[in-house]
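Student: Dropping a structure here in structure tokens format, bear with me for questions.
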Protein chains: 2
Amino acid sequence: MLVRWPNEAEQRKRLAERHIPRLLLVDDGIPPPESLDCLEDWIRLPAPESDVRARIDALRIRSRAHLRTVPEIDAHGVLRFGSSWVSLPPVEARLADALVVRFGAVVGRDTLRRSVWPGTAPGRNVLDVHVLRLRRRLAPLGLAIRTVRSRGYMLERAEQPEGMVPVLSETPAGDEVHLDDEVLEAAPAS
Amino acid sequence: MLVRWPNEAEQRKRLAERHIPRLLLVDDGIPPPESLDCLEDWIRLPAPESDVRARIDALRIRSRAHLRTVPEIDAHGVLRFGSSWVSLPPVEARLADALVVRFGAVVGRDTLRRSVWPGTAPGRNVLDVHVLRLRRRLAPLGLAIRTVRSRGYMLERAEQPEGMVPVLSETPAGDEVHLDDEVLEAAPAS
DNA sequence: CATCAGGGTTCACAGCTACGAAACAGATCG
DNA sequence: CGATCTGTTTCGTAGCTGTGAACCCTGATG
């Protein structure tokens with residue numbers, strides 16, 4: 001989204017509040033704005049077309065990286081992350097929920113056990129087993145459950161080299177990973 | 001950190017790997033690089049001094065939002081620094097904690113021993129061994145434990161002088177370069 | 001000059017615990 | 001009845017921790 005600076009200062013503020021990426025076109029002789037967040041960039045006019053395009057592309061990529069970061073789970077046990085989702089059985093849904101609300105932080109085994117089984121405490125290994133099963137379900141979404149030994153678990157984005165294309169890997173028939181609409185990105189050529 | 005582009009492409013790559021913010025000074029007539037990174041920006045030369053300064057300031061702000069410039073360890077033994085983290089086993093977590101609270105200062109061996117083993121003190125070698133193991137774990141984060149002979153240890157950012165570029169030749173895209181800790185060796189001069 | 005001692009680093013090893021993974025059995029639900 | 005969900009058991013493996021010993025560097029000593 002392009003904004004003239006300083007003429008359209010109001011517009012800039014509105015976009016910033018709604019976390020929409022924006023490129024400020026700074027008029028000649030005007031000092032550049034201060035306090036940029038990662039979704040804002042500026043360029044001084046006049047500027048070559050290719051430079052403007054380069055900055056717009058960079059903004060677009062950054063915006064993906066910034067927005068896509070937090071998974072969500074609804075009351076029906078459907079967990080969404082990025083462009084895809086899975087439906088989880090009750091126990092794993094509660095487990096996932098406990099991990100999602102503390103996304104990126106360590107959640108102790110006791111905390112997990114209490115969120116999943118509020119009353120009785122089942123066997124000691126159950127938690128591990130369910131973590132294992134949840135791991136398998138979340139992997140295709142690009143989510144990973146990291147182990148913090150003798151402490152607990154942490155839900156994270158799966159660290160992976162840049163060109164990640166989760167689509168069509170193996171999917172041994174009857175798999176249950178669903179994709180939302182906008183699956184394609186990268187290479188905004190044209 | 002300023003980098004000429006495209007002349008100092010190697011330098012840029014090195015900084016990117018270590019998550020150090022950088023401003024590329026793009027020579028006239030050269031197409032701008034594809035910046036995917038929130039810690040990277042570029043400006044086309046020649047440019048007014050004030051514009052360069054504005055971009056540097058913006059980078060600094062972003063870098064604060066994105067990385068931790070001071071190591072931090074939580075109750076679960078997870079130590080965060082820069083853009084990444086490691087989980088530490090109990091003993092090393094206590095050791096790291098004692099070093100982190102005095103980040104940048106020398107911590108005596110006795111102090112360390114007492115924080116790690118409040119009660120009985122195990123063998124005499126144990127501390128050294130755990131320092132060694134902690135060193136290895138912290139290296140990938142860009143942290144180094146310096147030895148101050150017959151006094152103690154000091155936790156620091158691992159700064160490597162610019163003159164010495166170890167191996168690191170072409171690195172064919174998306175690989176993992178592990179710099180040996182042999183690289184940082186300097187006279188404590190005390 | 002050779003040797004030695006102190007301090008530090010690194011390795012190999014052994015006991016132990018926690019976790020991962022598979023296989024199985026009851027439960028539930030269509 | 002078949003499929004899925006759930007809990008249990010079991011076993012193998014990887015990680016944590018302390019110990020001992022070899023090695024290296026530096027400064028002191030005979």
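Quick note on naming: the chains in the structure tokens go A, B, ... in the order shown, residues restart at 1 in each chain, and ligands are numbered from 1 in order of appearance.
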Give as a list in words every residue of chain D that touches chain B within 10 Å, counting only C-alpha atoms (C1' of nucleotides).

Tutor: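 For chain D, the answer reads DG15, DC16, DT17, DG18, DT19 and DG20 of chain D.
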
Student: Write a file of the selected residues as a tab-separated table (two decimals), in the first residue's frame, keeping C-alpha atoms (C1' of nucleotides).

Tutor:
chain	number	residue	atom	x	y	z
D	15	DG	C1'	20.63	-37.19	27.11
D	16	DC	C1'	22.34	-35.76	31.87
D	17	DT	C1'	25.86	-36.02	35.34
D	18	DG	C1'	29.95	-37.05	37.81
D	19	DT	C1'	34.60	-39.22	37.61
D	20	DG	C1'	39.22	-40.10	36.08

Student: Find the residues in chain A near chain C: any atom within 12 Å counts, using only C-alpha atoms (C1' of nucleotides). Write them as a list in words.

Tutor: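 That gives Arg124, Asn125, Val126, Leu127, Asp128, Val129, His130, Val131, Leu132, Arg133, Arg135, Arg146, Thr147, Val148, Arg149, Ser150, Arg151, Gly152 and Tyr153 of chain A for chain A.
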
Student: Please dump the current selection as a PDB file, in the first residue's frame; keep N, CA and C atoms.

Tutor:
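For reference, result-v7.pdb as written:
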ATOM      1  N   ARG A 124       1.539 -42.511  33.724  1.00  0.00           N
ATOM      2  CA  ARG A 124       2.570 -41.478  33.592  1.00  0.00           C
ATOM      3  C   ARG A 124       3.002 -41.281  32.147  1.00  0.00           C
ATOM      4  N   ASN A 125       2.806 -42.292  31.352  1.00  0.00           N
ATOM      5  CA  ASN A 125       3.321 -42.224  29.992  1.00  0.00           C
ATOM      6  C   ASN A 125       2.338 -41.604  29.007  1.00  0.00           C
ATOM      7  N   VAL A 126       1.088 -41.483  29.451  1.00  0.00           N
ATOM      8  CA  VAL A 126       0.037 -41.050  28.535  1.00  0.00           C
ATOM      9  C   VAL A 126       0.378 -39.745  27.860  1.00  0.00           C
ATOM     10  N   LEU A 127       0.881 -38.836  28.664  1.00  0.00           N
ATOM     11  CA  LEU A 127       1.188 -37.527  28.110  1.00  0.00           C
ATOM     12  C   LEU A 127       2.164 -37.657  26.952  1.00  0.00           C
ATOM     13  N   ASP A 128       3.220 -38.422  27.164  1.00  0.00           N
ATOM     14  CA  ASP A 128       4.220 -38.596  26.105  1.00  0.00           C
ATOM     15  C   ASP A 128       3.578 -39.133  24.843  1.00  0.00           C
ATOM     16  N   VAL A 129       2.729 -40.123  25.045  1.00  0.00           N
ATOM     17  CA  VAL A 129       2.115 -40.744  23.887  1.00  0.00           C
ATOM     18  C   VAL A 129       1.261 -39.737  23.118  1.00  0.00           C
ATOM     19  N   HIS A 130       0.506 -38.953  23.852  1.00  0.00           N
ATOM     20  CA  HIS A 130      -0.338 -37.982  23.155  1.00  0.00           C
ATOM     21  C   HIS A 130       0.482 -36.878  22.508  1.00  0.00           C
ATOM     22  N   VAL A 131       1.560 -36.531  23.142  1.00  0.00           N
ATOM     23  CA  VAL A 131       2.439 -35.553  22.503  1.00  0.00           C
ATOM     24  C   VAL A 131       2.951 -36.117  21.188  1.00  0.00           C
ATOM     25  N   LEU A 132       3.323 -37.376  21.240  1.00  0.00           N
ATOM     26  CA  LEU A 132       3.794 -38.015  20.023  1.00  0.00           C
ATOM     27  C   LEU A 132       2.744 -37.965  18.933  1.00  0.00           C
ATOM     28  N   ARG A 133       1.521 -38.335  19.285  1.00  0.00           N
ATOM     29  CA  ARG A 133       0.463 -38.356  18.277  1.00  0.00           C
ATOM     30  C   ARG A 133       0.158 -36.953  17.774  1.00  0.00           C
ATOM     31  N   ARG A 135       2.214 -34.495  17.680  1.00  0.00           N
ATOM     32  CA  ARG A 135       3.339 -34.110  16.829  1.00  0.00           C
ATOM     33  C   ARG A 135       3.093 -34.529  15.392  1.00  0.00           C
ATOM     34  N   ARG A 146       8.671 -28.958  20.497  1.00  0.00           N
ATOM     35  CA  ARG A 146      10.033 -29.215  20.933  1.00  0.00           C
ATOM     36  C   ARG A 146      10.031 -29.714  22.367  1.00  0.00           C
ATOM     37  N   THR A 147      10.911 -30.628  22.634  1.00  0.00           N
ATOM     38  CA  THR A 147      11.023 -31.168  23.982  1.00  0.00           C
ATOM     39  C   THR A 147      12.038 -30.365  24.777  1.00  0.00           C
ATOM     40  N   VAL A 148      11.669 -30.014  25.990  1.00  0.00           N
ATOM     41  CA  VAL A 148      12.626 -29.433  26.913  1.00  0.00           C
ATOM     42  C   VAL A 148      12.777 -30.439  28.043  1.00  0.00           C
ATOM     43  N   ARG A 149      13.839 -31.141  27.970  1.00  0.00           N
ATOM     44  CA  ARG A 149      13.978 -32.344  28.781  1.00  0.00           C
ATOM     45  C   ARG A 149      13.734 -32.089  30.265  1.00  0.00           C
ATOM     46  N   SER A 150      12.949 -32.963  30.834  1.00  0.00           N
ATOM     47  CA  SER A 150      12.612 -32.956  32.252  1.00  0.00           C
ATOM     48  C   SER A 150      11.887 -31.675  32.658  1.00  0.00           C
ATOM     49  N   ARG A 151      11.411 -30.919  31.687  1.00  0.00           N
ATOM     50  CA  ARG A 151      10.656 -29.713  32.002  1.00  0.00           C
ATOM     51  C   ARG A 151       9.288 -29.713  31.349  1.00  0.00           C
ATOM     52  N   GLY A 152       9.284 -29.869  30.068  1.00  0.00           N
ATOM     53  CA  GLY A 152       8.005 -29.789  29.394  1.00  0.00           C
ATOM     54  C   GLY A 152       8.180 -29.722  27.894  1.00  0.00           C
ATOM     55  N   TYR A 153       7.211 -29.095  27.264  1.00  0.00           N
ATOM     56  CA  TYR A 153       7.233 -29.001  25.818  1.00  0.00           C
ATOM     57  C   TYR A 153       6.976 -27.564  25.387  1.00  0.00           C
TER      58      TYR A 153
END

Student: Looking at A:Val107, A:Pro118, A:Val86, A:Glu34, which one is nearest to Leu141 of chain A, with distances taken over only C-alpha atoms?

Tutor: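 Closest candidate: A:Val86.
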
Student: With only C-alpha atoms considered, list every residue of chain A at most 9 Å from chain B, as a CSV table (one decimal) with C-alpha atoms, in the first residue's frame.

Tutor:
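To be explicit, this is the file written out as part-v5.csv:
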chain,number,residue,atom,x,y,z
A,31,PRO,CA,13.1,14.3,6.2
A,32,PRO,CA,12.2,10.7,6.3
A,33,PRO,CA,9.7,9.5,9.0
A,34,GLU,CA,10.9,8.0,12.3
A,35,SER,CA,10.0,4.9,14.2
A,36,LEU,CA,9.4,2.3,11.5
A,37,ASP,CA,7.9,-1.0,12.3
A,38,CYS,CA,8.8,-4.0,10.2
A,43,ILE,CA,11.8,5.7,-0.4
A,44,ARG,CA,12.7,9.2,-1.5
A,50,SER,CA,12.9,-1.1,-10.0
A,51,ASP,CA,13.8,0.3,-6.6
A,54,ALA,CA,12.1,-4.1,-4.7
A,55,ARG,CA,11.0,-2.4,-1.6
A,57,ASP,CA,8.4,-7.0,-2.6
A,58,ALA,CA,10.5,-7.0,0.5
A,59,LEU,CA,7.6,-5.6,2.5
A,61,ILE,CA,7.6,-11.0,2.3
A,62,ARG,CA,8.1,-9.5,5.7
A,105,ALA,CA,7.1,-20.7,25.6
A,106,VAL,CA,7.8,-23.8,27.6
A,107,VAL,CA,4.7,-25.5,29.2
A,108,GLY,CA,5.5,-27.8,32.1
A,147,THR,CA,11.0,-31.2,24.0
A,148,VAL,CA,12.6,-29.4,26.9
A,149,ARG,CA,14.0,-32.3,28.8
A,150,SER,CA,12.6,-33.0,32.3
A,151,ARG,CA,10.7,-29.7,32.0
A,152,GLY,CA,8.0,-29.8,29.4
A,161,PRO,CA,15.0,-23.6,5.1
A,162,GLU,CA,13.3,-20.9,3.1

Student: Hey, what does DSSP flag as alpha helix (DSSP H) within chain B? Can you give it to me as a VMD selection string?

Tutor: chain B and resid 9 to 17 49 to 66 90 to 101 109 to 116 126 to 138

Student: What is the distance, in Å and to one decimal place, between atom CA of Val70 of chain B and atom CA of Glu17 of chain A?

Tutor: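 These atoms are spaced 29.2 Å apart.
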